[in-house]
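> This one is final_30.txt, compact mmCIF, C-alpha atoms and all ligand atoms.
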```
# COMPACT_ATOMS: atom_id res chain seq x y z
CA MET A 3 0.00 0.00 0.00
CA ALA A 4 1.21 3.51 -0.84
CA ILE A 5 2.91 5.95 1.50
CA ILE A 6 1.12 9.31 1.29
CA LEU A 7 2.16 12.67 2.72
CA ALA A 8 -0.76 15.07 3.14
CA VAL A 9 -1.16 18.72 4.03
CA GLU A 10 -4.28 20.13 5.70
CA THR A 11 -4.73 23.92 5.98
CA SER A 12 -8.47 24.46 5.44
CA CYS A 13 -9.06 26.46 8.63
CA ASP A 14 -6.96 27.12 11.73
CA GLU A 15 -4.66 24.09 11.97
CA THR A 16 -1.50 23.70 9.90
CA ALA A 17 -1.23 19.93 9.67
CA VAL A 18 1.06 17.53 7.82
CA ALA A 19 0.97 13.75 8.16
CA ILE A 20 2.27 10.57 6.57
CA VAL A 21 0.10 7.46 6.38
CA LYS A 22 0.76 3.94 5.10
CA ASN A 23 -1.78 1.12 5.07
CA ARG A 24 -4.23 3.06 7.26
CA ASN A 25 -1.40 3.44 9.80
CA ILE A 26 -0.12 6.81 10.96
CA LEU A 27 3.63 7.19 10.49
CA SER A 28 3.59 10.83 11.62
CA ASN A 29 0.90 13.40 12.37
CA VAL A 30 2.05 16.97 13.01
CA VAL A 31 -0.52 19.62 13.95
CA ALA A 32 0.44 23.25 14.58
CA SER A 33 -2.71 24.72 16.08
CA GLN A 34 -3.56 28.40 15.70
CA ILE A 35 -6.32 28.28 18.31
CA PRO A 36 -4.44 30.48 20.84
CA ILE A 37 -3.88 33.08 18.09
CA HIS A 38 -7.55 33.33 17.09
CA GLN A 39 -8.90 33.03 20.63
CA ARG A 40 -8.57 36.75 21.33
CA TYR A 41 -10.84 37.50 18.32
CA GLY A 42 -13.50 34.98 19.38
CA GLY A 43 -13.21 33.10 16.08
CA VAL A 44 -10.96 32.41 13.08
CA VAL A 45 -9.70 35.50 11.21
CA PRO A 46 -9.05 34.24 7.63
CA GLU A 47 -6.13 36.57 6.75
CA ILE A 48 -4.34 35.79 10.00
CA ALA A 49 -4.91 32.06 9.41
CA SER A 50 -3.29 32.21 5.94
CA ARG A 51 -0.28 34.12 7.25
CA HIS A 52 0.32 31.61 10.04
CA HIS A 53 -0.07 28.65 7.67
CA LEU A 54 2.68 30.18 5.53
CA GLU A 55 4.96 30.54 8.54
CA ALA A 56 4.32 27.02 9.84
CA ILE A 57 4.06 24.86 6.73
CA ASN A 58 7.75 24.18 6.01
CA VAL A 59 8.50 23.30 9.63
CA CYS A 60 5.51 20.92 9.71
CA VAL A 61 6.57 19.14 6.49
CA THR A 62 10.14 18.66 7.75
CA GLN A 63 8.90 17.42 11.13
CA ALA A 64 6.44 14.96 9.53
CA LEU A 65 9.24 13.38 7.46
CA GLU A 66 11.59 13.27 10.45
CA GLU A 67 9.03 11.66 12.76
CA ALA A 68 8.19 9.04 10.13
CA GLN A 69 11.94 8.52 9.54
CA LEU A 70 11.42 8.68 5.79
CA THR A 71 13.09 10.38 2.85
CA TRP A 72 11.30 11.91 -0.15
CA ALA A 73 12.30 8.89 -2.23
CA GLU A 74 10.03 6.71 -0.08
CA ILE A 75 6.91 8.90 -0.50
CA ASP A 76 4.53 7.64 -3.23
CA GLY A 77 2.13 10.58 -3.43
CA ILE A 78 1.57 14.07 -2.05
CA ALA A 79 -1.92 15.31 -1.16
CA ALA A 80 -3.56 18.47 0.16
CA THR A 81 -7.04 19.55 1.19
CA CYS A 82 -8.33 21.72 -1.66
CA THR A 83 -11.99 22.16 -0.65
CA PRO A 84 -14.09 23.21 1.31
CA GLY A 85 -12.50 25.81 3.57
CA LEU A 86 -11.03 29.31 3.71
CA VAL A 87 -9.66 30.03 0.23
CA GLY A 88 -6.47 31.80 1.35
CA ALA A 89 -5.73 29.07 3.88
CA LEU A 90 -6.39 26.26 1.35
CA LEU A 91 -4.09 27.98 -1.17
CA VAL A 92 -1.12 27.82 1.20
CA GLY A 93 -1.45 24.04 1.71
CA THR A 94 -2.22 23.11 -1.90
CA THR A 95 0.56 25.33 -3.27
CA ALA A 96 3.05 23.75 -0.87
CA ALA A 97 1.90 20.21 -1.78
CA LYS A 98 1.95 20.86 -5.53
CA THR A 99 5.41 22.44 -5.34
CA LEU A 100 6.78 19.43 -3.43
CA ALA A 101 5.06 17.03 -5.85
CA MET A 102 6.63 18.80 -8.85
CA LEU A 103 10.03 19.03 -7.21
CA TYR A 104 10.19 15.37 -6.19
CA GLU A 105 8.22 14.13 -9.24
CA LYS A 106 5.34 12.56 -7.26
CA PRO A 107 1.65 12.33 -8.13
CA PHE A 108 -0.51 15.06 -6.58
CA LEU A 109 -3.98 14.46 -5.11
CA GLY A 110 -6.44 17.18 -4.09
CA VAL A 111 -8.65 16.01 -1.21
CA HIS A 112 -12.16 17.01 -0.14
CA HIS A 113 -11.89 17.89 3.57
CA LEU A 114 -15.05 15.95 4.47
CA GLU A 115 -13.63 12.75 2.97
CA GLY A 116 -10.85 13.15 5.51
CA HIS A 117 -13.39 13.20 8.35
CA ILE A 118 -15.20 10.19 6.85
CA TYR A 119 -12.02 8.08 6.72
CA ALA A 120 -10.52 9.19 10.07
CA SER A 121 -12.07 6.05 11.62
CA TYR A 122 -10.01 3.83 9.27
CA LEU A 123 -6.91 4.90 11.21
CA SER A 124 -8.17 3.32 14.44
CA ASN A 125 -10.23 0.55 12.76
CA PRO A 126 -8.24 -0.43 9.64
CA GLU A 127 -10.62 -3.31 8.95
CA LEU A 128 -13.57 -0.98 8.23
CA GLU A 129 -14.97 -1.17 4.70
CA PRO A 130 -17.98 0.36 2.92
CA PRO A 131 -20.92 0.26 2.81
CA PHE A 132 -21.51 2.31 5.94
CA LEU A 133 -23.35 5.36 7.18
CA CYS A 134 -21.26 8.38 8.18
CA LEU A 135 -22.56 10.96 10.64
CA LEU A 136 -20.36 13.94 9.83
CA VAL A 137 -20.53 16.63 12.49
CA SER A 138 -18.12 19.57 12.26
CA GLY A 139 -17.92 23.35 12.36
CA GLY A 140 -19.40 23.58 8.87
CA HIS A 141 -21.43 20.39 8.40
CA THR A 142 -24.10 18.18 9.93
CA SER A 143 -24.56 15.44 7.39
CA LEU A 144 -25.66 11.85 7.11
CA ILE A 145 -23.80 10.29 4.20
CA ARG A 146 -24.17 6.80 2.79
CA VAL A 147 -20.70 5.61 1.76
CA ALA A 148 -20.96 2.90 -0.90
CA GLY A 149 -17.25 3.05 -1.82
CA CYS A 150 -14.39 5.53 -2.07
CA GLY A 151 -15.82 8.51 -3.99
CA ASP A 152 -19.34 7.03 -4.03
CA TYR A 153 -21.45 9.09 -1.62
CA THR A 154 -25.14 9.83 -1.18
CA LEU A 155 -26.15 12.75 1.00
CA LEU A 156 -29.15 11.53 3.01
CA GLY A 157 -29.46 14.29 5.61
CA SER A 158 -28.06 17.73 6.30
CA THR A 159 -28.80 20.84 8.37
CA ARG A 160 -31.26 23.50 7.31
CA ASP A 161 -29.45 26.28 9.18
CA ASP A 162 -26.46 26.21 11.53
CA ALA A 163 -23.99 23.34 11.48
CA VAL A 164 -23.84 21.58 14.82
CA GLY A 165 -20.29 22.78 15.61
CA GLU A 166 -21.39 26.32 14.78
CA ALA A 167 -24.29 25.93 17.24
CA PHE A 168 -21.82 24.79 19.94
CA ASP A 169 -19.58 27.78 19.21
CA LYS A 170 -22.51 30.28 19.27
CA VAL A 171 -24.00 28.88 22.49
CA ALA A 172 -20.53 28.95 24.10
CA ARG A 173 -20.25 32.63 23.16
CA LEU A 174 -23.67 33.27 24.76
CA LEU A 175 -22.47 31.54 27.92
CA LYS A 176 -19.16 33.47 27.76
CA LEU A 177 -17.13 30.25 27.54
CA GLY A 178 -14.76 31.42 24.79
CA TYR A 179 -13.56 29.87 21.51
CA PRO A 180 -13.63 27.10 20.35
CA GLY A 181 -16.97 26.55 22.01
CA GLY A 182 -17.45 22.78 21.63
CA PRO A 183 -14.66 21.63 23.95
CA ALA A 184 -15.55 24.37 26.48
CA ILE A 185 -19.22 23.29 26.61
CA ASP A 186 -18.23 19.63 26.82
CA LYS A 187 -15.94 20.36 29.77
CA ILE A 188 -18.30 22.48 31.88
CA ALA A 189 -21.29 20.25 31.06
CA LYS A 190 -19.66 17.49 33.12
CA GLN A 191 -20.56 19.50 36.25
CA GLY A 192 -24.13 20.21 35.12
CA ASN A 193 -27.49 18.44 35.08
CA PRO A 194 -28.48 17.51 31.51
CA LYS A 195 -32.14 17.39 32.56
CA ALA A 196 -32.13 20.85 34.19
CA PHE A 197 -33.77 22.65 31.25
CA PRO A 198 -35.99 21.03 28.61
CA LEU A 199 -34.97 22.43 25.21
CA PRO A 200 -36.40 21.89 21.69
CA GLU A 201 -34.56 19.31 19.54
CA GLY A 202 -35.43 21.13 16.32
CA ARG A 203 -37.23 19.34 13.55
CA VAL A 204 -37.51 20.10 9.83
CA SER A 205 -41.02 20.08 8.34
CA ARG A 206 -41.66 18.43 5.00
CA PRO A 207 -43.83 20.20 2.39
CA GLU A 208 -46.00 17.05 2.17
CA GLY A 209 -46.53 17.09 5.94
CA GLY A 210 -44.72 15.53 8.88
CA TYR A 211 -41.03 15.93 9.59
CA HIS A 212 -37.90 15.11 7.66
CA PRO A 213 -36.38 12.08 9.41
CA TYR A 214 -32.69 12.80 8.70
CA ASP A 215 -32.38 16.59 8.48
CA SER A 216 -31.35 18.75 11.43
CA SER A 217 -32.07 22.33 12.46
CA PHE A 218 -30.29 24.08 15.31
CA SER A 219 -31.46 27.69 15.03
CA GLY A 220 -34.55 27.08 17.23
CA LEU A 221 -32.44 25.40 19.89
CA LYS A 222 -29.93 28.26 19.81
CA THR A 223 -32.74 30.83 20.19
CA ALA A 224 -34.24 28.83 23.06
CA VAL A 225 -30.87 28.95 24.87
CA LEU A 226 -30.66 32.71 24.24
CA ARG A 227 -34.16 33.25 25.72
CA LEU A 228 -33.30 31.04 28.69
CA VAL A 229 -30.12 33.02 29.36
CA GLN A 230 -32.00 36.33 29.09
CA GLN A 231 -34.70 35.11 31.46
CA LEU A 232 -32.22 33.72 34.01
CA GLU A 233 -30.07 36.88 33.85
CA GLY A 234 -32.98 38.76 35.40
CA GLU A 235 -33.18 36.21 38.21
CA GLY A 236 -29.53 36.27 39.37
CA GLU A 237 -26.53 34.05 38.63
CA ILE A 238 -26.71 31.99 35.44
CA PRO A 239 -26.37 28.20 35.95
CA VAL A 240 -23.86 27.85 33.08
CA ALA A 241 -23.02 24.17 33.69
CA ASP A 242 -26.72 23.16 33.74
CA ILE A 243 -27.46 25.10 30.53
CA ALA A 244 -24.38 23.64 28.80
CA ALA A 245 -25.31 20.10 29.89
CA SER A 246 -28.95 20.53 28.79
CA PHE A 247 -27.93 21.97 25.41
CA GLN A 248 -25.37 19.24 24.77
CA ALA A 249 -27.76 16.44 25.75
CA THR A 250 -30.46 17.88 23.45
CA VAL A 251 -28.04 17.97 20.50
CA ALA A 252 -26.82 14.42 21.25
CA ARG A 253 -30.41 13.13 21.45
CA ALA A 254 -31.44 14.81 18.19
CA LEU A 255 -28.40 13.54 16.24
CA THR A 256 -28.71 10.03 17.68
CA LYS A 257 -32.40 9.76 16.69
CA ARG A 258 -31.70 10.78 13.09
CA THR A 259 -28.66 8.52 12.78
CA VAL A 260 -30.47 5.47 14.19
CA GLN A 261 -33.46 6.04 11.90
CA CYS A 262 -31.22 6.43 8.85
CA ALA A 263 -29.09 3.35 9.61
CA LEU A 264 -32.23 1.25 10.10
CA ASP A 265 -34.03 2.57 7.00
CA TYR A 266 -31.00 1.95 4.78
CA GLN A 267 -30.09 -1.32 6.52
CA LEU A 268 -26.51 -0.24 7.15
CA GLN A 269 -24.71 -2.31 9.76
CA THR A 270 -21.87 0.11 10.36
CA VAL A 271 -22.06 3.73 11.47
CA VAL A 272 -18.91 5.85 11.41
CA VAL A 273 -18.81 9.26 13.11
CA GLY A 274 -16.44 12.02 12.02
CA GLY A 275 -15.70 15.74 12.46
CA GLY A 276 -14.84 17.91 15.46
CA VAL A 277 -18.18 17.32 17.21
CA ALA A 278 -17.51 13.56 17.12
CA ALA A 279 -15.24 14.37 20.09
CA ASN A 280 -18.30 15.36 22.14
CA SER A 281 -18.71 13.08 25.16
CA ALA A 282 -22.53 13.21 25.26
CA LEU A 283 -22.83 12.36 21.55
CA ARG A 284 -20.41 9.46 21.98
CA GLU A 285 -22.38 8.16 24.98
CA HIS A 286 -25.82 8.53 23.35
CA LEU A 287 -24.80 6.87 20.07
CA ALA A 288 -22.90 4.05 21.77
CA ALA A 289 -25.94 3.36 23.99
CA ALA A 290 -28.29 3.43 20.97
CA ALA A 291 -26.11 0.92 19.13
CA GLN A 292 -26.57 -1.55 22.01
CA GLY A 293 -30.21 -2.08 21.13
CA HIS A 294 -29.88 -2.01 17.34
CA PRO A 295 -28.32 -4.16 14.59
CA PHE A 296 -25.43 -1.80 13.81
CA GLU A 297 -22.00 -0.96 15.23
CA VAL A 298 -20.80 2.60 15.85
CA HIS A 299 -17.17 3.66 15.34
CA PHE A 300 -15.67 6.93 16.57
CA PRO A 301 -12.16 8.10 15.77
CA PRO A 302 -9.93 8.73 18.82
CA LEU A 303 -10.38 12.30 20.10
CA LYS A 304 -7.33 13.80 18.41
CA LEU A 305 -8.43 12.45 15.01
CA CYS A 306 -11.92 13.99 15.32
CA THR A 307 -10.76 17.59 14.89
CA ASP A 308 -8.79 18.69 11.82
CA ASN A 309 -5.54 16.82 11.21
CA GLY A 310 -3.34 15.71 8.33
CA ALA A 311 -3.58 11.96 8.95
CA MET A 312 -7.26 11.83 7.96
CA ILE A 313 -6.46 13.69 4.71
CA ALA A 314 -3.58 11.32 3.96
CA CYS A 315 -5.88 8.36 4.68
CA ALA A 316 -8.56 9.66 2.26
CA ALA A 317 -5.87 10.38 -0.36
CA ALA A 318 -4.48 6.84 0.04
CA GLU A 319 -7.92 5.35 -0.69
CA HIS A 320 -8.08 7.37 -3.93
CA PHE A 321 -4.43 6.64 -4.77
CA GLU A 322 -5.09 2.88 -4.62
CA LYS A 323 -8.01 3.33 -7.05
CA GLY A 324 -5.68 5.10 -9.46
CA ASP A 325 -7.15 8.58 -8.90
CA ARG A 326 -4.74 11.48 -9.54
CA SER A 327 -5.34 15.25 -9.65
CA SER A 328 -4.11 17.72 -12.21
CA PHE A 329 -1.54 20.31 -11.14
CA SER A 330 -4.00 22.89 -12.47
CA LEU A 331 -6.62 21.88 -9.87
CA GLY A 332 -7.70 25.00 -7.95
CA VAL A 333 -9.15 25.50 -4.48
CA GLU A 334 -12.87 26.01 -3.76
CA SER A 335 -14.47 27.46 -0.64
CA ARG A 336 -17.44 25.12 -1.12
CA MET A 337 -18.03 21.81 -2.84
CA GLY A 338 -20.61 19.11 -2.11
CA ILE A 339 -19.35 15.70 -0.99
CA THR A 340 -21.12 14.06 -3.94
CA GLU A 341 -18.87 16.03 -6.34
CA VAL A 342 -15.52 14.68 -5.10
CA MET A 343 -14.71 12.74 -8.24
CA ASN A 344 -14.39 16.10 -10.06
CA LEU A 345 -11.07 16.49 -8.22
CA TYR A 346 -9.54 13.62 -10.19
CA GLY A 347 -8.95 12.75 -13.83
O1 LIG B 401 -13.85 19.19 12.19
P1 LIG B 401 -13.42 20.44 12.83
O2 LIG B 401 -12.12 20.44 13.60
O3 LIG B 401 -13.32 21.61 11.80
C1 LIG B 401 -14.25 21.72 10.75
O4 LIG B 401 -14.06 21.01 9.73
O5 LIG B 401 -15.21 22.48 10.93
O6 LIG B 401 -14.62 20.87 13.80
C2 LIG B 401 -14.56 22.02 14.57
C3 LIG B 401 -15.83 22.11 15.38
C4 LIG B 401 -15.91 23.39 16.20
O7 LIG B 401 -17.19 23.95 15.98
C5 LIG B 401 -15.73 22.92 17.62
O8 LIG B 401 -16.41 23.74 18.57
C6 LIG B 401 -16.32 21.52 17.55
O9 LIG B 401 -15.89 21.01 16.32
N1 LIG B 401 -15.85 20.65 18.64
C7 LIG B 401 -16.66 20.11 19.59
C8 LIG B 401 -15.84 19.38 20.48
N2 LIG B 401 -14.54 19.49 20.03
C9 LIG B 401 -14.57 20.27 18.90
N3 LIG B 401 -17.99 20.20 19.75
C10 LIG B 401 -18.54 19.57 20.80
N4 LIG B 401 -17.81 18.86 21.71
C11 LIG B 401 -16.48 18.74 21.58
N5 LIG B 401 -15.78 18.04 22.49
ZN ZN B 402 -12.86 19.57 9.69
```
Would you mind writing the file's structure down as structure tokens?

Amino acid sequence: MAIILAVETSCDETAVAIVKNRNILSNVVASQIPIHQRYGGVVPEIASRHHLEAINVCVTQALEEAQLTWAEIDGIAATCTPGLVGALLVGTTAAKTLAMLYEKPFLGVHHLEGHIYASYLSNPELEPPFLCLLVSGGHTSLIRVAGCGDYTLLGSTRDDAVGEAFDKVARLLKLGYPGGPAIDKIAKQGNPKAFPLPEGRVSRPEGGYHPYDSSFSGLKTAVLRLVQQLEGEGEIPVADIAASFQATVARALTKRTVQCALDYQLQTVVVGGGVAANSALREHLAAAAQGHPFEVHFPPLKLCTDNGAMIACAAAEHFEKGDRSSFSLGVESRMGITEVMNLYG
């Protein structure tokens, strides 16, 4: 199986990793979180500048940790969509330059494919077909994976992505950025049943509710109203609100995932994306799997949030199929997961 070096710079992590046979040989992540924290979110121009400063060091470190030379690398990959355009450009330009210099094939990777395949790194025996619940800062999707590059989008969000909802609610509760880990941490001291909150459902034009789509704007507004009401009554019970919010999200996502897996008769569910690190979601889904005919796989915590190993893993799957990208491939801020094969050929 091929040895792939991949670069990931779609948002606020400069990441470079080397993967062989679904095994991580090195996985370097230079996080910019402390830099963006003071602005309460990612500032795109600052992100690009820091990627530029960090990228060469990360590439060198990845090779050193894997104890490999360029001669042993079979292909070079980079996330080219979706993400911040300036940030993506730094990573793809670096990867293409290295590929040209060392005469290696280049592969552009869809960031979400990285999140889908992150579970392969801890469960190398996993194979399609499976259902992927992809929960990140930009996506809340249920994707049927029939094979590498063969995806059907079964459910998505009608408004905020789930990670975005975590970040916005954290801001409301003055917990800082990034919000997901902060909510997860403080929720451990709270009562998840303290405040009943709406799960958010999406109506269908023909009546009833969409079984796989999510909506988080109503839940976010309910938390805002609750905070406003409690502010008038004295100290805000932040831990109880965080725990109630998190449990509501976990319940809503678990219901949709279970329904989808059962309807499509998929025996494997794989979870990916930053919110896959959430402890309540992990508990709810694992408990649901106990009573149903499917298994649930989560990546280890550090492979849930953005990293280079998941991009290298996705690239390796394409590499083995013979997929290669053109050096003229550009970057795109948005691209649907069902369009990934446009990156090759
Ligand atoms: O996958 P990711 O690193 O970047 C994107 O592709 O978007 O996901 C980042 C998102 C952020 O919204 C962050 O708040 C959320 O994942 N997140 C969490 C947790 N860790 C990260 N949300 C809930 N609980 C967590 N433990
Ligand atoms: Zn991501």
> List all protein, DNA and RNA residues that have an atom no more than 7 Å from any atom of ligand LIG 401 (chain B), counting all atoms listed in the file, and report them as JSON, numbers by chain.
{"A": [138, 139, 140, 165, 166, 168, 169, 180, 181, 182, 183, 185, 186, 275, 276, 277, 278, 279, 280, 281, 306, 307, 308]}
> Go ahead and dump the residues you just picked, C-alpha atoms, as a PDB file, keeping the file's coordinate frame.

```pdb
ATOM      1  CA  SER A 138     -18.120  19.570  12.260  1.00  0.00           C
ATOM      2  CA  GLY A 139     -17.920  23.350  12.360  1.00  0.00           C
ATOM      3  CA  GLY A 140     -19.400  23.580   8.870  1.00  0.00           C
ATOM      4  CA  GLY A 165     -20.290  22.780  15.610  1.00  0.00           C
ATOM      5  CA  GLU A 166     -21.390  26.320  14.780  1.00  0.00           C
ATOM      6  CA  PHE A 168     -21.820  24.790  19.940  1.00  0.00           C
ATOM      7  CA  ASP A 169     -19.580  27.780  19.210  1.00  0.00           C
ATOM      8  CA  PRO A 180     -13.630  27.100  20.350  1.00  0.00           C
ATOM      9  CA  GLY A 181     -16.970  26.550  22.010  1.00  0.00           C
ATOM     10  CA  GLY A 182     -17.450  22.780  21.630  1.00  0.00           C
ATOM     11  CA  PRO A 183     -14.660  21.630  23.950  1.00  0.00           C
ATOM     12  CA  ILE A 185     -19.220  23.290  26.610  1.00  0.00           C
ATOM     13  CA  ASP A 186     -18.230  19.630  26.820  1.00  0.00           C
ATOM     14  CA  GLY A 275     -15.700  15.740  12.460  1.00  0.00           C
ATOM     15  CA  GLY A 276     -14.840  17.910  15.460  1.00  0.00           C
ATOM     16  CA  VAL A 277     -18.180  17.320  17.210  1.00  0.00           C
ATOM     17  CA  ALA A 278     -17.510  13.560  17.120  1.00  0.00           C
ATOM     18  CA  ALA A 279     -15.240  14.370  20.090  1.00  0.00           C
ATOM     19  CA  ASN A 280     -18.300  15.360  22.140  1.00  0.00           C
ATOM     20  CA  SER A 281     -18.710  13.080  25.160  1.00  0.00           C
ATOM     21  CA  CYS A 306     -11.920  13.990  15.320  1.00  0.00           C
ATOM     22  CA  THR A 307     -10.760  17.590  14.890  1.00  0.00           C
ATOM     23  CA  ASP A 308      -8.790  18.690  11.820  1.00  0.00           C
TER      24      ASP A 308
END
```
> Between CA of Thr142 (chain A) and CA of Gln269 (chain A), what is the distance, to one decimal in Å?
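So the two atoms, CA of Thr142 (chain A) and CA of Gln269 (chain A), lie 20.5 Å apart.
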> Compare A:Ser124, A:Gln231, A:Ser12, A:Gln63 by their minimum atom-to-atom distance to Ala80 (chain A), counting all atoms listed in the file, and give me the closest one.
A:Ser12
> Excluding same-chain residues fewer than 6 positions from Ala17 (chain A), what lies within 8 Å of it counting all atoms listed in the file, as a count of residues only?
12
> What is the distance between CA of Val225 (chain A) and CA of Gly42 (chain A), in Å to one decimal?
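Result for CA of Val225 (chain A) versus CA of Gly42 (chain A): 19.2 Å, one decimal.
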> Give me the residues within 7 Å of Gly43 (chain A) as an MDAnalysis selection string, counting all atoms listed in the file and dropping any in the same chain fewer than 3 places off.
chainID A and resid 38:39 179
